[in-house]
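Data file: start.cif. Format and content: mmCIF, C-alpha atoms and all ligand atoms.
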```cif
data_coords
loop_
_atom_site.label_atom_id
_atom_site.label_comp_id
_atom_site.auth_asym_id
_atom_site.auth_seq_id
_atom_site.Cartn_x
_atom_site.Cartn_y
_atom_site.Cartn_z
CA MET G 1 0.00 0.00 0.00
CA GLU G 2 3.04 2.29 0.13
CA LYS G 3 2.30 3.48 -3.39
CA TYR G 4 -0.74 5.38 -2.02
CA TRP G 5 -1.17 8.37 0.28
CA VAL G 6 -4.30 7.73 2.28
CA ILE G 7 -6.37 10.89 2.68
CA GLN G 8 -9.60 10.26 4.60
CA LYS G 9 -12.37 7.80 5.29
CA VAL G 10 -15.19 8.19 2.76
CA GLY G 11 -17.46 5.27 3.58
CA GLU G 12 -18.18 2.35 5.81
CA GLY G 13 -20.19 -0.72 4.94
CA THR G 14 -20.78 -4.13 6.48
CA PHE G 15 -17.74 -5.67 4.83
CA GLY G 16 -15.35 -2.83 4.20
CA SER G 17 -14.04 0.56 5.26
CA VAL G 18 -13.40 2.85 2.31
CA TRP G 19 -10.70 5.55 2.18
CA SER G 20 -9.81 8.09 -0.45
CA ALA G 21 -6.12 7.96 -1.44
CA ILE G 22 -3.70 9.30 -4.02
CA ASN G 23 -1.50 7.17 -6.19
CA LYS G 24 1.98 8.67 -5.51
CA GLN G 25 3.21 7.85 -9.02
CA THR G 26 0.28 8.97 -11.17
CA GLY G 27 -1.50 11.44 -8.89
CA GLU G 28 -4.78 9.62 -9.51
CA VAL G 29 -7.33 9.84 -6.69
CA VAL G 30 -8.67 6.39 -5.83
CA ALA G 31 -10.93 4.76 -3.26
CA VAL G 32 -9.36 1.96 -1.21
CA LYS G 33 -11.73 -0.56 0.33
CA GLN G 34 -10.10 -2.37 3.23
CA MET G 35 -11.97 -5.62 3.81
CA LYS G 36 -12.81 -6.16 7.46
CA ASN G 37 -13.70 -9.09 9.74
CA LYS G 38 -11.37 -11.53 7.99
CA LYS G 39 -7.70 -12.34 7.43
CA TYR G 40 -6.63 -13.35 3.95
CA HIS G 41 -3.91 -15.95 4.32
CA SER G 42 -3.44 -16.64 0.63
CA TRP G 43 -3.65 -14.83 -2.66
CA GLU G 44 -6.02 -17.54 -3.99
CA GLU G 45 -8.52 -16.66 -1.27
CA CYS G 46 -8.49 -13.06 -2.49
CA ILE G 47 -8.95 -13.67 -6.17
CA ASN G 48 -11.57 -16.34 -5.56
CA LEU G 49 -13.73 -13.87 -3.64
CA SER G 50 -16.97 -13.41 -5.58
CA GLU G 51 -16.64 -9.60 -5.25
CA VAL G 52 -13.24 -9.72 -6.96
CA LYS G 53 -14.18 -12.30 -9.56
CA SER G 54 -17.35 -10.53 -10.67
CA LEU G 55 -15.69 -7.09 -10.67
CA ILE G 56 -12.87 -8.34 -12.89
CA LYS G 57 -15.49 -9.60 -15.34
CA MET G 58 -17.71 -6.47 -15.21
CA SER G 59 -15.33 -3.55 -14.69
CA SER G 60 -15.14 -2.52 -18.35
CA HIS G 61 -18.73 -1.21 -18.37
CA PRO G 62 -18.92 2.61 -18.07
CA ASN G 63 -21.62 2.32 -15.39
CA ILE G 64 -19.85 -0.23 -13.21
CA VAL G 65 -17.21 1.04 -10.79
CA LYS G 66 -13.71 0.27 -12.01
CA LEU G 67 -11.53 -1.98 -9.94
CA ARG G 68 -7.96 -0.74 -10.39
CA GLU G 69 -5.99 -3.13 -8.20
CA VAL G 70 -6.28 -5.96 -5.72
CA ILE G 71 -3.63 -5.82 -2.99
CA ARG G 72 -2.95 -8.32 -0.20
CA GLU G 73 -0.60 -7.01 2.46
CA HIS G 74 -0.06 -8.48 5.95
CA ASP G 75 -3.08 -10.75 5.40
CA ILE G 76 -5.31 -7.74 4.78
CA LEU G 77 -7.16 -7.40 1.48
CA TYR G 78 -7.47 -4.00 -0.18
CA LEU G 79 -9.57 -3.35 -3.28
CA VAL G 80 -8.51 -0.17 -5.09
CA PHE G 81 -11.27 1.51 -7.13
CA GLU G 82 -11.67 4.61 -9.23
CA TYR G 83 -12.85 7.38 -6.89
CA MET G 84 -16.49 8.50 -7.02
CA GLU G 85 -17.77 11.70 -5.35
CA CYS G 86 -20.68 10.30 -3.33
CA ASN G 87 -23.31 7.61 -3.19
CA LEU G 88 -26.96 7.98 -4.21
CA HIS G 89 -28.18 7.67 -0.61
CA GLN G 90 -26.09 10.71 0.38
CA LEU G 91 -27.31 12.59 -2.68
CA ILE G 92 -30.97 11.84 -1.86
CA ARG G 93 -30.53 12.90 1.80
CA LYS G 94 -28.77 16.12 0.73
CA ARG G 95 -31.74 17.13 -1.44
CA GLY G 96 -34.06 17.76 1.53
CA ARG G 97 -37.40 18.49 -0.16
CA ARG G 98 -36.01 19.49 -3.57
CA VAL G 99 -37.21 16.52 -5.65
CA PHE G 100 -35.30 15.45 -8.75
CA SER G 101 -36.85 16.31 -12.11
CA GLU G 102 -38.19 13.46 -14.22
CA ASP G 103 -35.29 13.97 -16.66
CA GLU G 104 -32.77 13.60 -13.84
CA VAL G 105 -34.41 10.38 -12.61
CA ARG G 106 -34.53 9.09 -16.19
CA ASN G 107 -30.84 9.85 -16.63
CA TRP G 108 -29.80 8.02 -13.42
CA CYS G 109 -32.02 5.02 -14.04
CA PHE G 110 -31.11 4.66 -17.73
CA GLN G 111 -27.46 4.28 -16.76
CA VAL G 112 -28.17 1.79 -13.97
CA PHE G 113 -30.41 -0.35 -16.20
CA HIS G 114 -27.67 -0.38 -18.83
CA ALA G 115 -25.23 -1.72 -16.25
CA LEU G 116 -27.78 -4.29 -15.05
CA ALA G 117 -28.55 -5.46 -18.59
CA TYR G 118 -24.82 -5.93 -19.15
CA MET G 119 -24.38 -7.79 -15.88
CA HIS G 120 -27.46 -10.01 -16.20
CA GLN G 121 -26.61 -10.90 -19.80
CA ARG G 122 -23.25 -12.13 -18.52
CA GLY G 123 -24.99 -14.38 -16.03
CA TYR G 124 -24.40 -12.34 -12.86
CA PHE G 125 -26.82 -10.61 -10.53
CA HIS G 126 -26.02 -7.97 -7.94
CA ARG G 127 -28.32 -8.96 -5.05
CA ASP G 128 -27.60 -5.86 -2.93
CA LEU G 129 -28.94 -2.94 -4.92
CA LYS G 130 -29.65 0.07 -2.73
CA PRO G 131 -28.88 3.78 -3.01
CA ALA G 132 -25.70 3.45 -0.87
CA ASN G 133 -24.29 0.97 -3.42
CA LEU G 134 -24.83 3.30 -6.39
CA LEU G 135 -21.97 5.77 -6.72
CA VAL G 136 -22.24 9.16 -8.38
CA SER G 137 -19.69 11.57 -9.88
CA ASN G 138 -21.03 14.54 -11.83
CA ASN G 139 -23.88 13.09 -13.89
CA VAL G 140 -22.51 9.58 -14.06
CA ILE G 141 -23.81 6.81 -11.84
CA LYS G 142 -22.12 3.44 -11.33
CA LEU G 143 -23.02 0.12 -9.75
CA ALA G 144 -20.72 -0.68 -6.84
CA ASP G 145 -20.33 -3.15 -3.97
CA PHE G 146 -20.27 -6.52 -5.68
CA GLY G 147 -19.86 -8.28 -2.32
CA SER G 148 -23.16 -10.14 -2.78
CA ALA G 149 -22.94 -10.58 -6.57
CA ARG G 150 -23.27 -14.17 -7.78
CA LYS G 151 -23.37 -16.13 -10.99
CA ILE G 152 -27.02 -16.88 -11.75
CA ASN G 153 -26.45 -20.63 -12.18
CA SER G 154 -23.65 -20.95 -9.65
CA GLY G 155 -25.20 -24.10 -8.18
CA GLN G 156 -24.68 -22.70 -4.67
CA PRO G 157 -27.77 -22.43 -2.47
CA PHE G 158 -28.70 -18.76 -2.26
CA THR G 159 -28.67 -17.18 1.17
CA GLN G 160 -31.72 -15.21 2.29
CA ASN G 161 -29.98 -12.51 4.25
CA ILE G 162 -29.00 -10.36 1.36
CA THR G 163 -29.83 -6.69 0.79
CA THR G 164 -31.26 -4.30 3.31
CA PRO G 165 -34.98 -5.24 3.73
CA TRP G 166 -36.24 -2.01 2.16
CA TYR G 167 -35.10 -3.13 -1.29
CA ARG G 168 -35.46 -6.89 -0.75
CA ALA G 169 -37.72 -8.76 -3.19
CA PRO G 170 -40.68 -10.68 -1.70
CA GLU G 171 -39.47 -14.05 -3.02
CA VAL G 172 -36.28 -13.55 -0.98
CA MET G 173 -38.32 -12.64 2.12
CA LEU G 174 -40.37 -15.81 1.59
CA LYS G 175 -37.16 -17.87 1.35
CA SER G 176 -37.55 -19.01 -2.24
CA PRO G 177 -34.59 -21.31 -2.88
CA THR G 178 -34.29 -20.22 -6.50
CA TYR G 179 -34.47 -16.51 -6.94
CA THR G 180 -33.15 -14.84 -10.12
CA SER G 181 -31.90 -11.53 -11.50
CA ALA G 182 -35.52 -10.34 -11.12
CA ILE G 183 -34.61 -9.46 -7.49
CA ASP G 184 -32.41 -6.66 -8.87
CA MET G 185 -35.38 -5.41 -10.89
CA TRP G 186 -37.55 -5.27 -7.76
CA ALA G 187 -34.87 -3.25 -5.98
CA MET G 188 -34.70 -0.85 -8.93
CA GLY G 189 -38.47 -0.29 -8.79
CA ALA G 190 -38.10 0.75 -5.13
CA ILE G 191 -35.04 2.91 -5.88
CA MET G 192 -36.73 4.63 -8.81
CA ALA G 193 -39.74 5.52 -6.63
CA GLU G 194 -37.37 6.82 -3.94
CA LEU G 195 -35.66 9.06 -6.50
CA PHE G 196 -39.03 10.63 -7.30
CA THR G 197 -40.23 11.08 -3.73
CA LEU G 198 -36.92 11.24 -1.80
CA ARG G 199 -38.47 8.70 0.59
CA PRO G 200 -38.09 4.91 0.65
CA LEU G 201 -41.10 3.17 -0.91
CA PHE G 202 -41.14 0.16 1.48
CA PRO G 203 -39.39 1.25 4.71
CA GLY G 204 -40.05 -1.87 6.79
CA LEU G 205 -38.80 -2.03 10.38
CA ASN G 206 -38.38 -5.82 10.25
CA GLY G 207 -39.35 -8.76 8.00
CA ALA G 208 -43.07 -8.77 8.91
CA ASP G 209 -43.39 -5.00 8.73
CA GLN G 210 -41.58 -5.04 5.39
CA MET G 211 -44.21 -7.43 3.97
CA TYR G 212 -46.98 -5.26 5.45
CA LYS G 213 -45.52 -2.15 3.78
CA ILE G 214 -45.31 -3.96 0.43
CA CYS G 215 -48.93 -5.21 0.69
CA SER G 216 -50.15 -1.75 1.63
CA VAL G 217 -48.64 -0.30 -1.57
CA ILE G 218 -49.13 -3.03 -4.21
CA GLY G 219 -51.99 -4.98 -2.58
CA THR G 220 -52.00 -8.53 -1.19
CA PRO G 221 -50.97 -11.16 -3.77
CA THR G 222 -53.69 -13.47 -5.09
CA ASP G 223 -53.78 -16.86 -6.79
CA ASN G 224 -53.90 -14.89 -9.97
CA SER G 225 -51.06 -12.45 -9.38
CA TRP G 226 -48.56 -14.78 -7.65
CA PRO G 227 -49.60 -18.41 -7.04
CA HIS G 228 -46.01 -19.46 -6.31
CA GLY G 229 -45.74 -16.79 -3.61
CA LEU G 230 -48.88 -18.05 -1.89
CA ARG G 231 -47.37 -21.58 -1.88
CA LEU G 232 -44.10 -20.23 -0.43
CA ALA G 233 -46.07 -18.38 2.28
CA ARG G 234 -48.09 -21.51 3.18
CA GLY G 235 -44.84 -23.49 3.36
CA MET G 236 -43.55 -21.19 6.09
CA ASN G 237 -46.90 -20.64 7.81
CA TYR G 238 -46.98 -17.01 6.84
CA GLN G 239 -50.29 -15.27 6.28
CA PHE G 240 -50.28 -12.12 4.17
CA PRO G 241 -52.17 -9.20 5.70
CA TYR G 242 -55.17 -8.36 3.51
CA LEU G 243 -54.69 -4.94 1.94
CA PRO G 244 -56.06 -3.59 -1.34
CA GLY G 245 -53.01 -1.51 -2.30
CA VAL G 246 -53.00 1.94 -3.89
CA HIS G 247 -52.10 3.46 -7.23
CA MET G 248 -48.45 4.54 -7.44
CA SER G 249 -49.56 8.03 -8.47
CA ILE G 250 -50.82 8.56 -4.88
CA PHE G 251 -47.16 8.74 -3.81
CA MET G 252 -46.00 10.62 -6.88
CA PRO G 253 -48.86 12.80 -8.12
CA SER G 254 -46.76 14.89 -10.50
CA VAL G 255 -44.87 11.99 -12.07
CA SER G 256 -45.76 10.77 -15.58
CA ASP G 257 -47.86 7.65 -16.23
CA ASP G 258 -44.89 6.12 -18.06
CA ALA G 259 -42.77 6.39 -14.92
CA THR G 260 -45.42 5.07 -12.50
CA SER G 261 -46.33 2.18 -14.82
CA LEU G 262 -42.65 1.21 -15.04
CA ILE G 263 -42.25 1.31 -11.25
CA ARG G 264 -45.42 -0.75 -10.82
CA SER G 265 -44.23 -3.43 -13.26
CA LEU G 266 -40.78 -3.60 -11.62
CA CYS G 267 -42.52 -4.05 -8.27
CA SER G 268 -44.64 -7.01 -9.43
CA TRP G 269 -45.11 -9.77 -6.88
CA ASP G 270 -44.33 -12.44 -9.44
CA PRO G 271 -40.65 -12.24 -10.48
CA PHE G 272 -41.58 -13.59 -13.92
CA LYS G 273 -43.88 -10.62 -14.48
CA ARG G 274 -41.10 -8.09 -13.84
CA PRO G 275 -39.44 -6.79 -17.02
CA THR G 276 -35.78 -7.64 -17.58
CA ALA G 277 -33.22 -4.81 -17.64
CA ALA G 278 -32.98 -5.13 -21.45
CA GLN G 279 -36.79 -4.81 -21.73
CA VAL G 280 -36.85 -1.82 -19.38
CA LEU G 281 -34.46 0.04 -21.68
CA GLN G 282 -37.18 -0.21 -24.37
CA HIS G 283 -39.93 1.08 -22.06
CA PRO G 284 -41.69 4.32 -23.20
CA PHE G 285 -40.26 6.07 -20.10
CA PHE G 286 -36.82 5.82 -21.74
CA HIS G 287 -37.81 6.68 -25.33
CA LYS G 288 -36.51 10.21 -24.77
CA CYS G 289 -33.02 8.80 -24.14
CA TYR G 290 -32.62 7.57 -27.70
CA TYR G 291 -31.66 9.77 -30.58
CA VAL G 292 -30.03 9.03 -33.89
CA ILE G 293 -26.49 10.39 -34.28
CA PRO G 294 -26.08 11.86 -37.76
CA PRO G 295 -23.42 9.84 -39.62
CA SER G 296 -20.05 11.55 -39.87
CA PRO G 297 -16.95 10.23 -41.57
CA ARG G 298 -14.91 11.23 -38.50
CA THR G 299 -17.07 9.31 -36.00
CA THR G 300 -15.49 6.08 -34.82
CA PRO G 301 -17.09 3.76 -32.31
CA ALA G 302 -15.88 4.11 -28.73
CA ALA G 303 -13.43 1.37 -27.90
CA TYR G 304 -12.31 -0.03 -24.62
CA CYS G 305 -8.67 -0.59 -23.95
CA GLN G 306 -7.01 -2.79 -21.40
CA GLN G 307 -3.94 -1.36 -19.70
CA ASN G 308 -1.00 -3.38 -18.58
CA THR G 309 -0.60 -5.51 -15.48
CA ASN G 310 1.33 -4.25 -12.45
CA THR G 311 3.35 -6.43 -10.17
CA ASN G 312 5.29 -5.66 -7.05
CA LYS G 313 7.76 -7.88 -5.24
CA ASN G 314 6.49 -7.33 -1.71
CA THR G 315 2.77 -7.37 -2.23
CA ALA G 316 0.51 -9.43 -4.40
CA VAL G 317 -1.12 -6.99 -6.76
CA ILE G 318 -3.02 -7.19 -9.99
CA GLY G 319 -3.77 -4.17 -12.12
CA ILE G 320 -7.16 -4.16 -13.79
CA GLN G 321 -7.29 -0.73 -15.30
CA ALA G 322 -9.69 -0.35 -18.16
CA GLY G 323 -11.02 2.86 -19.63
CA ILE G 324 -12.41 4.43 -22.74
CA CYS G 325 -9.61 5.15 -25.19
P1 LIG Q 401 -19.65 -2.77 1.91
O1 LIG Q 401 -19.41 -3.99 1.04
O2 LIG Q 401 -19.03 -2.94 3.26
O3 LIG Q 401 -21.09 -2.38 1.96
P2 LIG Q 401 -19.15 -0.71 -0.08
O4 LIG Q 401 -18.33 -1.20 -1.22
O5 LIG Q 401 -20.62 -0.62 -0.30
O6 LIG Q 401 -18.84 -1.56 1.24
O7 LIG Q 401 -18.59 0.72 0.36
C1 LIG Q 401 -19.15 1.41 1.49
C2 LIG Q 401 -19.33 2.89 1.14
O8 LIG Q 401 -18.04 3.44 0.78
C3 LIG Q 401 -20.21 3.17 -0.06
O9 LIG Q 401 -21.59 3.26 0.30
C4 LIG Q 401 -19.67 4.50 -0.55
O10 LIG Q 401 -20.23 5.58 0.19
C5 LIG Q 401 -18.18 4.41 -0.24
N1 LIG Q 401 -17.47 3.97 -1.45
C6 LIG Q 401 -17.34 2.70 -1.90
N2 LIG Q 401 -16.65 2.65 -3.06
C7 LIG Q 401 -16.32 3.93 -3.35
C8 LIG Q 401 -15.63 4.56 -4.44
N3 LIG Q 401 -15.14 3.85 -5.45
N4 LIG Q 401 -15.50 5.91 -4.42
C9 LIG Q 401 -15.99 6.64 -3.39
N5 LIG Q 401 -16.67 6.11 -2.36
C10 LIG Q 401 -16.84 4.78 -2.32
MG MG Q 402 -22.32 -1.55 0.49
#
```

Could you write out this structure as structure tokens?
Amino acid sequence: MEKYWVIQKVGEGTFGSVWSAINKQTGEVVAVKQMKNKKYHSWEECINLSEVKSLIKMSSHPNIVKLREVIREHDILYLVFEYMECNLHQLIRKRGRRVFSEDEVRNWCFQVFHALAYMHQRGYFHRDLKPANLLVSNNVIKLADFGSARKINSGQPFTQNITTPWYRAPEVMLKSPTYTSAIDMWAMGAIMAELFTLRPLFPGLNGADQMYKICSVIGTPTDNSWPHGLRLARGMNYQFPYLPGVHMSIFMPSVSDDATSLIRSLCSWDPFKRPTAAQVLQHPFFHKCYYVIPPSPRTTPAAYCQQNTNTNKNTAVIGIQAGIC
């Protein structure tokens, strides 16, 4: 770690403490995540971590935070990332009552859905989407914290205790053994609503209260809307509270029908009824984001380039720098 000057702590999560730092050689500002609660006795342990593996695969997307280096020193694991100014949770809290415009919400969400489409198409899902794990610099937003990311068909049993309950999909709450990337879509429905209202959509105090909050917004599931969910509930002796639900526009009266209909479909009880990230990008809410670039002989497609690998005798380090050329 001697190649960095550590500046200050910029974040704290369940698994890591994050510090801003400067690369002494290049002057680049980075964010160093020091993994806590565990000693890393071998390099294999570090590179086999699902956070590291999935980040190495995903880091070339412009809306996924770039992992610059993985460093193991004195049995401590450090992940070095590009530095981002703040997270979306901080940005939302800073706004007070000044709601974001629909264009601003569209801009944030379009970028996140692009990243999710990229990730899901490569067979990974994030599993811990929440505003604190979306990082913002200027008008760019990036997916971060891949600590819970998994391969969709990894064959491992999925744990239930993922994501903060506010953004947790109902099939996870009901302990479905086989949830899919649709849990990320549920979380995005809740995040999108929060961007419009600056308040969490389902702010449950615990598991039961979380379910109550969901039912009070989207109505109790029926044999028609989610038969599998009713079976899961019976299997664990859970009885849904009976609530009719309300129209999303009650929470967001000045938001367009396109936006509320998208949020409502993302927050469908049945994961199979939620649109995929690729489908969401075609939703009328995002039609404004597409325009045709007039052809020009000087326009060349953006290309990604891979920079070289760093090694250091004293510490195990891999360089994973990738950027737009
Ligand atoms: P954990 O896995 O423990 O939840 P995170 O990776 O989510 O850790 O990081 C915790 C917090 O640190 C984030 O919510 C964010 O505020 C900050 N943070 C993480 N990565 C960066 C980064 N690349 N640039 C700036 N801040 C970051
Ligand atoms: Mg986190």

Taking (-49.0, 0.0, -8.4) as a centre in this file's frame and 12 Å as the limit, can you find every polymer residue with an atom that close, using all atoms listed in the file, and give them as a count of residues only? 32

Top pick for closest residue to ligand MG 402 (chain Q), considering G:Ala169, G:Leu195, G:Leu143, G:Ile71 and counting only C-alpha atoms and all ligand atoms: G:Leu143

Write out as an MDAnalysis selection string the residues lying within 12 Å of Gly229 (chain G), counting all atoms listed in the file and excluding same-chain residues fewer than 2 positions away. chainID G and resid 169:176 179 220:227 231:236 238:240 268:272

For the residues selected in the previous step, produce a file with C-alpha atoms as a short mmCIF file (atom, residue, chain, number, x, y, z; two decimals), in the frame of the given file.
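Writing the result to part28.cif gives the following:
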```cif
data_model
loop_
_atom_site.label_atom_id
_atom_site.label_comp_id
_atom_site.auth_asym_id
_atom_site.auth_seq_id
_atom_site.Cartn_x
_atom_site.Cartn_y
_atom_site.Cartn_z
CA ALA G 169 -37.72 -8.76 -3.19
CA PRO G 170 -40.68 -10.68 -1.70
CA GLU G 171 -39.47 -14.05 -3.02
CA VAL G 172 -36.28 -13.55 -0.98
CA MET G 173 -38.32 -12.64 2.12
CA LEU G 174 -40.37 -15.81 1.59
CA LYS G 175 -37.16 -17.87 1.35
CA SER G 176 -37.55 -19.01 -2.24
CA TYR G 179 -34.47 -16.51 -6.94
CA THR G 220 -52.00 -8.53 -1.19
CA PRO G 221 -50.97 -11.16 -3.77
CA THR G 222 -53.69 -13.47 -5.09
CA ASP G 223 -53.78 -16.86 -6.79
CA ASN G 224 -53.90 -14.89 -9.97
CA SER G 225 -51.06 -12.45 -9.38
CA TRP G 226 -48.56 -14.78 -7.65
CA PRO G 227 -49.60 -18.41 -7.04
CA ARG G 231 -47.37 -21.58 -1.88
CA LEU G 232 -44.10 -20.23 -0.43
CA ALA G 233 -46.07 -18.38 2.28
CA ARG G 234 -48.09 -21.51 3.18
CA GLY G 235 -44.84 -23.49 3.36
CA MET G 236 -43.55 -21.19 6.09
CA TYR G 238 -46.98 -17.01 6.84
CA GLN G 239 -50.29 -15.27 6.28
CA PHE G 240 -50.28 -12.12 4.17
CA SER G 268 -44.64 -7.01 -9.43
CA TRP G 269 -45.11 -9.77 -6.88
CA ASP G 270 -44.33 -12.44 -9.44
CA PRO G 271 -40.65 -12.24 -10.48
CA PHE G 272 -41.58 -13.59 -13.92
#
```

Which residues are near ligand LIG 401 (chain Q) in this structure, taking near to mean any atom at most 10 Å from a ligand atom and counting all atoms listed in the file? Format them as a PyMOL selection string. chain G and resi 9-20+29-36+51+64-68+79-90+128-137+142-148+163

Keeping only C-alpha atoms, write those residues as a PDB file, in the frame of the given file.
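Below you can see result-v2.pdb, which holds the result:
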```
ATOM      1  CA  LYS G   9     -12.370   7.800   5.290  1.00  0.00           C
ATOM      2  CA  VAL G  10     -15.190   8.190   2.760  1.00  0.00           C
ATOM      3  CA  GLY G  11     -17.460   5.270   3.580  1.00  0.00           C
ATOM      4  CA  GLU G  12     -18.180   2.350   5.810  1.00  0.00           C
ATOM      5  CA  GLY G  13     -20.190  -0.720   4.940  1.00  0.00           C
ATOM      6  CA  THR G  14     -20.780  -4.130   6.480  1.00  0.00           C
ATOM      7  CA  PHE G  15     -17.740  -5.670   4.830  1.00  0.00           C
ATOM      8  CA  GLY G  16     -15.350  -2.830   4.200  1.00  0.00           C
ATOM      9  CA  SER G  17     -14.040   0.560   5.260  1.00  0.00           C
ATOM     10  CA  VAL G  18     -13.400   2.850   2.310  1.00  0.00           C
ATOM     11  CA  TRP G  19     -10.700   5.550   2.180  1.00  0.00           C
ATOM     12  CA  SER G  20      -9.810   8.090  -0.450  1.00  0.00           C
ATOM     13  CA  VAL G  29      -7.330   9.840  -6.690  1.00  0.00           C
ATOM     14  CA  VAL G  30      -8.670   6.390  -5.830  1.00  0.00           C
ATOM     15  CA  ALA G  31     -10.930   4.760  -3.260  1.00  0.00           C
ATOM     16  CA  VAL G  32      -9.360   1.960  -1.210  1.00  0.00           C
ATOM     17  CA  LYS G  33     -11.730  -0.560   0.330  1.00  0.00           C
ATOM     18  CA  GLN G  34     -10.100  -2.370   3.230  1.00  0.00           C
ATOM     19  CA  MET G  35     -11.970  -5.620   3.810  1.00  0.00           C
ATOM     20  CA  LYS G  36     -12.810  -6.160   7.460  1.00  0.00           C
ATOM     21  CA  GLU G  51     -16.640  -9.600  -5.250  1.00  0.00           C
ATOM     22  CA  ILE G  64     -19.850  -0.230 -13.210  1.00  0.00           C
ATOM     23  CA  VAL G  65     -17.210   1.040 -10.790  1.00  0.00           C
ATOM     24  CA  LYS G  66     -13.710   0.270 -12.010  1.00  0.00           C
ATOM     25  CA  LEU G  67     -11.530  -1.980  -9.940  1.00  0.00           C
ATOM     26  CA  ARG G  68      -7.960  -0.740 -10.390  1.00  0.00           C
ATOM     27  CA  LEU G  79      -9.570  -3.350  -3.280  1.00  0.00           C
ATOM     28  CA  VAL G  80      -8.510  -0.170  -5.090  1.00  0.00           C
ATOM     29  CA  PHE G  81     -11.270   1.510  -7.130  1.00  0.00           C
ATOM     30  CA  GLU G  82     -11.670   4.610  -9.230  1.00  0.00           C
ATOM     31  CA  TYR G  83     -12.850   7.380  -6.890  1.00  0.00           C
ATOM     32  CA  MET G  84     -16.490   8.500  -7.020  1.00  0.00           C
ATOM     33  CA  GLU G  85     -17.770  11.700  -5.350  1.00  0.00           C
ATOM     34  CA  CYS G  86     -20.680  10.300  -3.330  1.00  0.00           C
ATOM     35  CA  ASN G  87     -23.310   7.610  -3.190  1.00  0.00           C
ATOM     36  CA  LEU G  88     -26.960   7.980  -4.210  1.00  0.00           C
ATOM     37  CA  HIS G  89     -28.180   7.670  -0.610  1.00  0.00           C
ATOM     38  CA  GLN G  90     -26.090  10.710   0.380  1.00  0.00           C
ATOM     39  CA  ASP G 128     -27.600  -5.860  -2.930  1.00  0.00           C
ATOM     40  CA  LEU G 129     -28.940  -2.940  -4.920  1.00  0.00           C
ATOM     41  CA  LYS G 130     -29.650   0.070  -2.730  1.00  0.00           C
ATOM     42  CA  PRO G 131     -28.880   3.780  -3.010  1.00  0.00           C
ATOM     43  CA  ALA G 132     -25.700   3.450  -0.870  1.00  0.00           C
ATOM     44  CA  ASN G 133     -24.290   0.970  -3.420  1.00  0.00           C
ATOM     45  CA  LEU G 134     -24.830   3.300  -6.390  1.00  0.00           C
ATOM     46  CA  LEU G 135     -21.970   5.770  -6.720  1.00  0.00           C
ATOM     47  CA  VAL G 136     -22.240   9.160  -8.380  1.00  0.00           C
ATOM     48  CA  SER G 137     -19.690  11.570  -9.880  1.00  0.00           C
ATOM     49  CA  LYS G 142     -22.120   3.440 -11.330  1.00  0.00           C
ATOM     50  CA  LEU G 143     -23.020   0.120  -9.750  1.00  0.00           C
ATOM     51  CA  ALA G 144     -20.720  -0.680  -6.840  1.00  0.00           C
ATOM     52  CA  ASP G 145     -20.330  -3.150  -3.970  1.00  0.00           C
ATOM     53  CA  PHE G 146     -20.270  -6.520  -5.680  1.00  0.00           C
ATOM     54  CA  GLY G 147     -19.860  -8.280  -2.320  1.00  0.00           C
ATOM     55  CA  SER G 148     -23.160 -10.140  -2.780  1.00  0.00           C
ATOM     56  CA  THR G 163     -29.830  -6.690   0.790  1.00  0.00           C
TER      57      THR G 163
END
```

Could you tell me how far CA of Arg122 (chain G) lies from CA of Lys273 (chain G), in Å and to one decimal?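 For CA of Arg122 (chain G) relative to CA of Lys273 (chain G), the distance reads 21.1 Å.
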
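Each of G:Lys151, G:His228, G:His287, G:Lys213 was compared to Tyr167 (chain G) using only C-alpha atoms, and G:Lys213 turns out to be the nearest.
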
Using all atoms listed in the file, collect all residues at a distance of at most 9 Å from (-35.2, 8.8, 4.2) as written in the file, then present them as a PyMOL selection string. chain G and resi 89+92-93+194+198-200+203

What is the distance, in Å and to one decimal place, between CA of Ala117 (chain G) and CA of Gln282 (chain G)? 11.6 Å

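Take the candidates G:His114, G:Arg168, G:Arg72, G:Arg98 and check each one against Cys46 (chain G) using all atoms listed in the file; the shortest distance goes to G:Arg72.
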
Separation of CA of Leu116 (chain G) from CA of Ser50 (chain G) in Å: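 For CA of Ser50 (chain G) relative to CA of Leu116 (chain G), the distance reads 17.0 Å.
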
Quick one: residues within 10 Å of Tyr40 (chain G), only C-alpha atoms, excluding same-chain residues fewer than 4 positions away - as a PyMOL selection string? chain G and resi 35+44-46+72-77

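Nearest residue to ligand MG 402 (chain Q), choosing from G:Val99, G:Met58, G:Ala149, G:Ile183 and counting only C-alpha atoms and all ligand atoms: G:Ala149.
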
Which is closer to ligand MG 402 (chain Q) than all the others in G:Lys57, G:Arg127, G:His41, G:Lys24, using all atoms listed in the file?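 Ranking G:Lys57, G:Arg127, G:His41, G:Lys24 by distance to ligand MG 402 (chain Q), first place goes to G:Arg127.
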
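With all atoms listed in the file as the atoms that count, the residue of G:Tyr212, G:Val140, G:Pro177, G:His120 with the shortest distance to Ala278 (chain G) is G:His120.
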
Within 9 Å of Ile47 (chain G), counting only C-alpha atoms, which residues show up once you throw out same-chain ones fewer than 5 positions away? Write them as a PDB file with C-alpha atoms, in the frame of the given file, please.
```
ATOM      1  CA  VAL G  52     -13.240  -9.720  -6.960  1.00  0.00           C
ATOM      2  CA  LYS G  53     -14.180 -12.300  -9.560  1.00  0.00           C
ATOM      3  CA  VAL G  70      -6.280  -5.960  -5.720  1.00  0.00           C
TER       4      VAL G  70
END
```
